[in-house]
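S.K.: What follows is a single structure, and I will ask about it in a moment.
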Amino acid sequence: MSKSLRLSEKWFRRGLWLVAVVFASFLIGLGGTLVGDLPQVERALKLEDFIDGVAAEPLRAGVRDAELTEQKAARALEQAELKLSVAQQSSRTARETFENWVATRRATAQPDQDAELIARTRALDVLKAKEEEAQQKVDAQQQVALDARQSQEAAQQKLAVLEADAQLKLDAEYRRVELRVFGYRLALTLPLLLIAGWLFVKKRKSTYWPFVWGFIFFALFAFFVELVPYLPSYGGYVRYVVGIVMTVLVGRYAIVALNRYLARQKLAEAQPDVVRREELSYDTALTRLAKGVCPGCERSVDLKNPAIDFCPHCGIGLFDHCGACDARKSAFSKFCHACGTSAQTRTLSDKDSVAGAPPA
């Protein structure tokens with residue numbers, strides 16, 4: 001249609017399309033904010049809402065107590081291991097000294113050193129006893145830590161069973177909340193889509209068409225971007241079923257529209273030439289001629305062939321001759337391109353000839 005519009009009208013239409021886009025962008029922003037806030041109508045769910053508190057609290061207390069006991073045992077174990085290390089070092093050093101002394105005594109074979117041998121042996125026994133005592137303390141702390149760790153693991157296992165059961169309930173409630181939120185979105189976007197469909201059918205060529213198209217863009221964006229991604233899956237069944245239903249509805253609408261269009265075209269082609277040209281708007285005729293198709297039946301016609309004055313498919317007149325200068329011109333032109341004479345005179349004479357013609 002752009003080739004049939006005046007230059008200023010082209011720019012005005014582009015500006016109006018810009019208005020439609022800007023209007024749609026603001027509506028999309030508002031709708032996106034509203035749709036994004038819809039989940040806030042539902043209370044935030046937590047695992048604690050579904051776990052058995054009476055059974056879980058003693059287990060958690062047991063886990064905490066076991067952790068504290070294990071921490072204390074770990075600190076005491078570090079001290080005991082340090083003392084054991086000192087005792088072992090002292091015992092090892094004393095034993096090395098004793099062995100050296102014994103070797104010296106054997107070399108000298110001095111009987112008067114038997115009392116010192118006994119004393120050194122007793123001292124070595126004392127150090128060994130201290131080493132064993134330190135080892136017992138280490139073993140005791142290791143046992144305390146082990147008991148605490150096993151108690152903690154047992155409590156955690158029982159608590160994990162309760163949490164797993166609560167998680168199942170939480171997931172089920174999440175699915176129900178997701179379905180409710182989707183229902184909210186559907187209740188908001190589906191009426192918008194229906195209104196957009198009505199506007200497309202009834203008002204898309206009205207005076208305020210930029211706002212109509214802006215709303216249509218907004219409704220399509222709200223439905224396919226704000227709603228479809230949140231469509232519940234349930235293993236893909238719901239989405240595939242919805243896709244099939246939408247495809248069937250759109251396909252049925254397209255088939256019905258095509259059949260209606262073909263029926264209208266057959267009725268139009270059966271009417272007289274003058275009547276058919278009157279029903280065609282000037283801009284529509286020029287748009288179709290610019291595309292190289294017949295304005296009446298929209299079939300391809302070689303308009304550059306000077307021998308073709310009528311459509312070979314539907315018979316509508318494409319070219320005629322000016323009543324003033326007899327120049328060949330488009331039958332849809334309002335003025336002769338050669339002399340500027342109005343084509344209204346020729347049109348009136350055609351009407352008179354059609355009205356005065358005897359019935360077939």
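By convention in this document, the chains of the structure tokens carry letters A, B, ... by their order, each chain's residues are numbered from 1, and ligands are numbered from 1 in the order they are shown.
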Taking the chain letters and numbering used in this document, name the residues of region 34-270 of chain A that DSSP puts in alpha helix (DSSP H), as a PyMOL selection string.
M.R.: chain A and resi 34-37+53-108+114-202+209-224+237-269
S.K.: Can you pull out every residue within 7 Å of region 320-326 of chain A, counting only C-alpha atoms, but drop anything in the same chain fewer than 5 positions away, and send it as a list in words?
M.R.: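 Residues near the query, excluding close chain neighbours: Asp309, Ala331, Cys336, Cys339, Thr341 and Arg346 of chain A.
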S.K.: Could you tell me which of A:Val301, A:Val241, A:Val138, A:Ile316 comes closest to Glu269 (chain A) if we count only C-alpha atoms?
M.R.: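 Checking each candidate against Glu269 (chain A), we get A:Ile316 as the closest.
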S.K.: Can you tell me which residues surround Ser91 (chain A) at a distance of at most 10 Å, considering only C-alpha atoms, apart from same-chain residues fewer than 4 positions away, and format the answer as a list in words?
M.R.: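 Counting only C-alpha atoms, the residues come to Ser85, Val86, Ala87, Arg95, Glu96, Thr97, Ala123, Leu124, Asp125, Val126, Leu127, Lys128, Ala129, Lys130 and Glu131 of chain A.
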S.K.: Please measure the separation of CA of Phe211 (chain A) and CA of Leu227 (chain A), giving the value in Å to one decimal.
M.R.: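 A separation of 22.4 Å between them.
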S.K.: Any idea what's packed within 10 Å of Leu186 (chain A), counting only C-alpha atoms, ignoring anything in its chain fewer than 2 positions away? Could you give it as JSON, numbers by chain?
M.R.: {"A": [180, 181, 182, 183, 184, 188, 189, 190, 191, 192, 222, 223, 226, 227, 228, 230, 231]}
S.K.: Considering only C-alpha atoms, can you say which of A:Ala166, A:Ala196, A:Leu179, A:Cys294 comes closest to Glu48 (chain A)?
M.R.: A:Ala166
S.K.: Identify, on the basis of only C-alpha atoms, every residue whose closest approach to Gln71 (chain A) does not exceed 12 Å; exclude the query and any residue fewer than 6 positions from it along the same chain; express the result as JSON, numbers by chain.
M.R.: {"A": [64, 65, 77, 78, 141, 142, 144, 145, 146, 148, 149, 152]}
S.K.: Find the spatial neighbours of Ala219 (chain A), counting only C-alpha atoms, within a cut-off of 12 Å - ignore same-chain residues fewer than 5 positions away - and output them as number ranges by chain.
M.R.: A: 23-25, 27-32, 186, 188-200, 212-214, 224-227
S.K.: In Å to one decimal, how far is CA of Asn305 (chain A) from CA of Val275 (chain A)?
M.R.: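 Calculated distance between CA of Val275 (chain A) and CA of Asn305 (chain A) is 25.0 Å.
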S.K.: Would you compute the distance between CA of Ala172 (chain A) and CA of Val63 (chain A)? Give it in Å to one decimal.
M.R.: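 Going from CA of Ala172 (chain A) over to CA of Val63 (chain A) covers 28.2 Å.
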S.K.: Quick one: residues within 9 Å of Leu159 (chain A), only C-alpha atoms counted, chain neighbours fewer than 5 positions away excluded, as a PDB file with C-alpha atoms, in the first residue's frame?
M.R.:
```pdb
ATOM      1  CA  ALA A  55       9.568 -35.651  66.269  1.00  0.00           C
ATOM      2  CA  ALA A  56      12.151 -33.432  64.589  1.00  0.00           C
ATOM      3  CA  LEU A  59      16.493 -35.135  66.939  1.00  0.00           C
ATOM      4  CA  ARG A  60      17.860 -31.687  66.120  1.00  0.00           C
ATOM      5  CA  ALA A 154      21.979 -41.699  63.929  1.00  0.00           C
ATOM      6  CA  ALA A 164      12.503 -36.365  52.954  1.00  0.00           C
TER       7      ALA A 164
END
```
S.K.: Given the choices A:Ala134, A:Ala66, A:Leu170, A:Ala160, which gets closest to Asp147 (chain A) if the distance is worked out from only C-alpha atoms?
M.R.: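 Under the stated criterion, the closest residue is A:Ala66.
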